[in-house]
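Raw input-v9.cif, mmCIF, C-alpha atoms:
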data_final
#
loop_
_atom_site.label_atom_id
_atom_site.label_comp_id
_atom_site.auth_asym_id
_atom_site.auth_seq_id
_atom_site.Cartn_x
_atom_site.Cartn_y
_atom_site.Cartn_z
CA MET A 4 42.71 70.58 70.51
CA LYS A 5 40.91 73.65 69.07
CA ASN A 6 40.63 72.03 65.65
CA PHE A 7 39.20 68.89 67.23
CA ILE A 8 36.54 70.89 69.13
CA HIS A 9 35.56 72.94 66.06
CA HIS A 10 35.30 69.80 63.98
CA ASN A 11 33.01 68.12 66.53
CA LEU A 12 30.77 71.19 66.67
CA PHE A 13 30.63 71.66 62.91
CA LEU A 14 29.54 68.13 62.02
CA PRO A 15 26.34 68.09 64.13
CA ALA A 16 25.40 71.50 62.76
CA VAL A 17 25.70 70.23 59.19
CA LEU A 18 23.65 67.15 59.97
CA PHE A 19 20.97 69.27 61.65
CA LEU A 20 20.66 71.58 58.65
CA ALA A 21 20.51 68.64 56.25
CA ALA A 22 17.71 67.04 58.26
CA LEU A 23 15.85 70.36 58.45
CA PHE A 24 15.93 71.02 54.71
CA GLY A 25 15.17 67.38 53.95
CA SER A 26 12.03 67.49 56.07
CA CYS A 27 10.94 70.74 54.41
CA ALA A 28 11.17 69.05 51.02
CA ASP A 29 8.69 66.38 52.21
CA ILE A 30 5.99 68.90 53.15
CA LYS A 31 3.03 68.59 50.76
CA VAL A 32 1.78 71.68 48.98
CA GLY A 33 -1.79 72.83 49.72
CA TYR A 34 -4.63 70.52 50.71
CA LEU A 35 -7.42 68.41 49.21
CA ASP A 36 -10.66 67.48 50.99
CA THR A 37 -13.00 64.96 49.32
CA GLN A 38 -14.81 63.57 52.37
CA ASN A 39 -18.14 64.96 51.17
CA ALA A 40 -17.59 64.43 47.44
CA VAL A 41 -20.82 63.40 45.72
CA PHE A 42 -22.82 63.67 42.53
CA ALA A 43 -26.42 64.74 43.07
CA PRO A 44 -28.23 63.08 41.40
CA ASP A 45 -25.74 60.25 41.21
CA SER A 46 -26.81 58.90 37.81
CA VAL A 47 -27.00 60.03 34.20
CA VAL A 48 -29.15 58.35 31.55
CA VAL A 49 -27.96 58.04 27.93
CA TYR A 50 -29.78 56.55 24.95
CA HIS A 51 -29.05 54.58 21.82
CA HIS A 52 -31.93 56.38 20.11
CA PRO A 53 -32.24 59.94 21.46
CA ASP A 54 -35.25 62.18 21.08
CA THR A 55 -34.71 63.75 17.64
CA THR A 56 -36.71 66.82 18.68
CA SER A 57 -34.36 67.63 21.56
CA LEU A 58 -31.80 70.44 21.46
CA ARG A 59 -29.12 67.94 22.46
CA TYR A 60 -29.78 65.87 19.36
CA ARG A 61 -29.93 68.89 17.04
CA ASN A 62 -26.68 70.30 18.44
CA GLN A 63 -24.99 66.88 18.71
CA ALA A 64 -24.13 67.79 22.30
CA PRO A 65 -22.97 65.21 24.86
CA TYR A 66 -24.87 63.82 27.79
CA VAL A 67 -23.44 65.60 30.86
CA SER A 68 -23.78 64.67 34.52
CA THR A 69 -24.23 67.14 37.34
CA LEU A 70 -21.10 68.72 38.81
CA MET A 71 -19.36 66.75 41.57
CA GLN A 72 -20.01 68.59 44.83
CA GLY A 73 -18.24 68.60 48.17
CA VAL A 74 -14.65 68.87 46.90
CA SER A 75 -12.40 71.60 48.29
CA GLY A 76 -8.69 72.22 48.05
CA THR A 77 -5.88 74.17 46.50
CA ALA A 78 -6.52 75.03 42.86
CA PRO A 79 -6.23 73.73 40.26
CA ILE A 80 -8.23 70.59 41.06
CA ASN A 81 -8.36 67.91 38.38
CA TYR A 82 -10.80 65.05 37.80
CA GLU A 83 -10.14 61.77 35.99
CA LEU A 84 -11.94 58.51 35.43
CA ALA A 85 -10.38 55.96 37.78
CA GLY A 86 -12.41 52.81 37.19
CA VAL A 87 -15.72 51.32 36.07
CA THR A 88 -17.82 48.26 36.83
CA ALA A 89 -20.63 47.08 34.58
CA SER A 90 -23.84 45.18 35.26
CA GLU A 91 -27.22 44.31 33.72
CA GLY A 92 -25.67 43.67 30.31
CA GLY A 93 -23.07 46.45 30.34
CA ASP A 94 -19.51 45.90 29.13
CA ALA A 95 -16.77 47.58 31.16
CA ASP A 96 -14.13 46.94 28.47
CA THR A 97 -16.14 48.96 25.95
CA PHE A 98 -16.45 51.80 28.45
CA VAL A 99 -12.69 51.78 29.01
CA ARG A 100 -12.04 51.80 25.27
CA LEU A 101 -14.36 54.78 24.75
CA ALA A 102 -12.58 56.63 27.56
CA SER A 103 -9.24 56.00 25.83
CA GLU A 104 -10.77 57.53 22.69
CA LYS A 105 -12.00 60.50 24.76
CA ARG A 106 -15.62 59.85 23.81
CA VAL A 107 -16.32 59.42 27.54
CA SER A 108 -14.42 61.83 29.78
CA MET A 109 -14.36 63.97 32.89
CA GLN A 110 -14.55 67.71 32.26
CA GLY A 111 -14.11 69.94 35.31
CA GLY A 112 -15.98 67.66 37.69
CA THR A 113 -18.68 66.54 35.22
CA LEU A 114 -18.89 63.35 33.17
CA TRP A 115 -19.38 63.74 29.41
CA VAL A 116 -20.73 60.93 27.22
CA TRP A 117 -20.88 61.74 23.51
CA GLN A 118 -23.73 60.36 21.41
CA ASP A 119 -21.49 58.05 19.37
CA ALA A 120 -20.21 56.60 22.66
CA ALA A 121 -23.76 56.10 23.94
CA ASN A 122 -24.53 54.18 20.73
CA ARG A 123 -21.53 51.89 21.22
CA LEU A 124 -22.16 51.12 24.90
CA PRO A 125 -24.23 47.97 25.43
CA LEU A 126 -27.46 48.52 27.32
CA GLY A 127 -26.89 48.28 31.06
CA LYS A 128 -25.41 50.10 34.04
CA TYR A 129 -21.87 51.42 34.46
CA VAL A 130 -20.70 52.56 37.91
CA ILE A 131 -17.62 54.77 37.75
CA SER A 132 -14.98 55.85 40.25
CA VAL A 133 -13.32 59.26 39.96
CA LYS A 134 -9.77 60.32 40.85
CA VAL A 135 -9.50 63.87 42.20
CA THR A 136 -6.02 65.43 42.24
CA ASN A 137 -4.14 68.65 42.81
CA GLU A 138 -0.48 69.34 43.52
CA ASP A 139 0.89 66.70 45.94
CA HIS A 140 -2.57 65.21 46.67
CA GLU A 141 -4.90 62.65 45.15
CA GLN A 142 -8.03 60.83 46.27
CA ILE A 143 -10.18 58.23 44.55
CA ILE A 144 -13.95 58.54 45.06
CA PRO A 145 -15.22 54.97 44.52
CA HIS A 146 -18.49 54.06 42.80
CA CYS A 147 -19.81 57.61 42.87
CA LEU A 148 -21.73 57.91 39.59
CA THR A 149 -23.88 55.52 37.54
CA VAL A 150 -24.28 55.77 33.77
CA ILE A 151 -27.48 54.04 32.66
CA VAL A 152 -27.68 53.13 28.97
CA LYS A 153 -31.21 52.77 27.63
CA ASN A 154 -32.58 52.17 24.17
CA GLU A 155 -35.25 54.76 23.40
CA GLU A 156 -35.44 58.28 24.83
CA PRO A 157 -38.97 59.47 25.61
CA VAL A 158 -40.07 62.43 23.51
CA SER A 159 -40.20 65.54 25.68
CA SER A 160 -41.72 68.90 24.86
CA ASP A 161 -40.88 70.75 28.08
CA GLY A 162 -37.09 70.91 27.79
CA LEU A 163 -36.55 68.47 30.65
CA ASP A 164 -34.43 65.40 30.19
CA ASP A 165 -35.43 61.94 31.40
CA ASP A 166 -34.02 62.33 34.93
CA GLY A 167 -35.57 65.75 35.50
CA GLY A 168 -32.54 67.91 34.67
CA TYR A 169 -32.84 70.79 32.24
CA ASP A 170 -31.20 70.13 28.89
CA ASP A 171 -30.52 73.02 26.51
CA GLY A 172 -28.17 70.91 24.41
CA SER A 173 -25.14 73.17 24.78
CA TYR A 174 -22.22 72.57 27.14
CA ASP A 175 -19.21 74.78 27.73
CA ASP A 176 -15.91 73.34 28.95
CA GLY A 177 -14.83 76.68 30.40
CA SER A 178 -12.88 77.72 27.32
CA GLY A 179 -15.86 79.20 25.51
CA ASN A 180 -16.04 76.20 23.20
CA TYR A 181 -19.12 74.04 22.74
CA GLY A 182 -19.86 70.59 21.43
CA ASP A 183 -17.10 68.98 19.40
CA ASN A 184 -14.92 72.09 19.79
CA ALA A 185 -14.71 71.58 23.54
CA ASP A 186 -11.48 70.46 25.17
CA ASN A 187 -11.62 66.74 25.94
CA SER A 188 -8.02 66.41 27.12
CA ASP A 189 -8.62 65.62 30.81
CA VAL A 190 -8.82 61.84 30.47
CA THR A 191 -6.28 59.41 29.09
CA ALA A 192 -6.42 55.64 29.33
CA SER A 193 -3.94 53.13 27.99
CA SER A 194 -4.76 49.77 26.53
CA GLU A 195 -2.68 47.87 29.06
CA ASP A 196 -4.92 49.20 31.84
CA GLN A 197 -7.94 47.48 30.35
CA THR A 198 -9.23 44.32 31.97
CA ASN A 199 -10.52 41.27 30.11
CA ASN A 200 -13.33 40.99 32.62
CA ALA A 201 -16.52 42.03 30.89
CA GLU A 202 -18.05 42.94 34.21
CA GLU A 203 -15.24 45.13 35.58
CA GLY A 204 -12.54 47.42 34.25
CA ASN A 205 -10.11 50.08 35.43
CA ILE A 206 -9.03 53.33 33.84
CA TYR A 207 -5.73 54.86 34.78
CA GLU A 208 -3.74 57.73 33.37
#

Could you render the structure from this file as structure tokens?
Amino acid sequence: MKNFIHHNLFLPAVLFLAALFGSCADIKVGYLDTQNAVFAPDSVVVYHHPDTTSLRYRNQAPYVSTLMQGVSGTAPINYELAGVTASEGGDADTFVRLASEKRVSMQGGTLWVWQDAANRLPLGKYVISVKVTNEDHEQIIPHCLTVIVKNEEPVSSDGLDDDGGYDDGSYDDGSGNYGDNADNSDVTASSEDQTNNAEEGNIYE
């Protein structure tokens, strides 16, 4: 009788502990809040023919958007291109291909477009979505930034770029490297993720 009682008490205890540890394993680490995620301004203009007097042109620096604002969470927080739609003559497939070559990429919450990529993008508009991730969390911010490809950049003598932002032609990725020495490893895109639709494409890691 004693053995029977002990056995019946032992089994529920084991099941309780198993359920307890199992539920602990499902608890997500940290947090990620992207409800107020936004680029301000929410567009960046790139050119086939840049102003040859600009510091950007002389340094062969990329076009860089403003930093995405309104994201909070447990560090490190990572940013990736998640998708793109094209209009007004743009070609989403070309954008996806340039992302796979890392000539268009997200760097610490900013979008980088290198001059050779700007030259290869057909004139038009490209609206991108961004995936924000940290440990155990991910959110996609849809249609949050527009890349506008134009032909000729106006000549400027005051150091301001076409959309009013200051351009000194040098961008640091946080590692102390500039220009082509910067780390462009944040974005990967595989060929099977590309869509044959010239008006819409997706970029996934």

Please, what distance in Å, to one decimal, runs between CA of Val133 (chain A) and CA of Arg59 (chain A)?
->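 CA of Arg59 (chain A) lies at a distance of 25.1 Å from CA of Val133 (chain A).
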
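Our summary of the geometry notes that CA of Glu83 (chain A) is positioned 7.5 Å from CA of Ser108 (chain A).
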
List every protein, DNA or RNA residue that has at least one atom no more than 9 Å from (-5.2, 66.9, 42.2) in the file's coordinates, counting only C-alpha atoms, and write the result as an NGL selection string.
-> :A and (35 or 76-82 or 134-142)

For Gln38 (chain A), which residue out of A:Leu58, A:Leu101, A:Ala85, A:Ile144 is the nearest one, using only C-alpha atoms?
->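 Of all the options, A:Ile144 lies closest to Gln38 (chain A).
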
Expressed in Å to a single decimal, how great is the separation between CA of Asn122 (chain A) and CA of Arg106 (chain A)?
->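 Computing it gives 11.0 Å between the two atoms.
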
Give the padded box for region 124-131 of chain A as JSON: axis-aligned, covering all atoms listed in the file, 3 Å on each side, centre and edge lengths in Å to one decimal.
{"center_x": -22.5, "center_y": 51.4, "center_z": 31.4, "size_x": 15.8, "size_y": 12.8, "size_z": 19.0}

Please, which residues are within 8 Å of (-20.9, 64.6, 42.9) by the file's coordinates, counting all atoms listed in the file, and could they come as a PyMOL selection string?
-> chain A and resi 40-45+69-73+112+147-148

Those residues you just picked out, can you put them in a file as a PDB file, in the coordinates of the input with C-alpha atoms?
ATOM      1  CA  ALA A  40     -17.590  64.430  47.440  1.00  0.00           C
ATOM      2  CA  VAL A  41     -20.820  63.400  45.720  1.00  0.00           C
ATOM      3  CA  PHE A  42     -22.820  63.670  42.530  1.00  0.00           C
ATOM      4  CA  ALA A  43     -26.420  64.740  43.070  1.00  0.00           C
ATOM      5  CA  PRO A  44     -28.230  63.080  41.400  1.00  0.00           C
ATOM      6  CA  ASP A  45     -25.740  60.250  41.210  1.00  0.00           C
ATOM      7  CA  THR A  69     -24.230  67.140  37.340  1.00  0.00           C
ATOM      8  CA  LEU A  70     -21.100  68.720  38.810  1.00  0.00           C
ATOM      9  CA  MET A  71     -19.360  66.750  41.570  1.00  0.00           C
ATOM     10  CA  GLN A  72     -20.010  68.590  44.830  1.00  0.00           C
ATOM     11  CA  GLY A  73     -18.240  68.600  48.170  1.00  0.00           C
ATOM     12  CA  GLY A 112     -15.980  67.660  37.690  1.00  0.00           C
ATOM     13  CA  CYS A 147     -19.810  57.610  42.870  1.00  0.00           C
ATOM     14  CA  LEU A 148     -21.730  57.910  39.590  1.00  0.00           C
TER      15      LEU A 148
END

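Run against this file, the PyMOL selection byres ((chain A and resi 93) around 6) gives back Ala89, Ser90, Glu91, Gly92, Asp94, Pro125, Leu126, Gly127 and Lys128 of chain A.
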
Which is closest to Val49 (chain A) among A:Val67, A:Ile30, A:Val87, A:Val158, if we use all atoms listed in the file?
-> A:Val67

Selection under test: the PyMOL selection byres ((chain A and resi 47) around 7); residues as a PDB file with C-alpha atoms, in the frame of the given file:
ATOM      1  CA  SER A  46     -26.810  58.900  37.810  1.00  0.00           C
ATOM      2  CA  VAL A  48     -29.150  58.350  31.550  1.00  0.00           C
ATOM      3  CA  VAL A  49     -27.960  58.040  27.930  1.00  0.00           C
ATOM      4  CA  SER A  68     -23.780  64.670  34.520  1.00  0.00           C
ATOM      5  CA  THR A 149     -23.880  55.520  37.540  1.00  0.00           C
ATOM      6  CA  VAL A 150     -24.280  55.770  33.770  1.00  0.00           C
ATOM      7  CA  ILE A 151     -27.480  54.040  32.660  1.00  0.00           C
TER       8      ILE A 151
END

Report as a ChimeraX atom specification the full result of the PyMOL selection byres ((chain A and resi 120) around 9) when it is applied to this structure.
-> /A:98,101,106-107,116-119,121-124
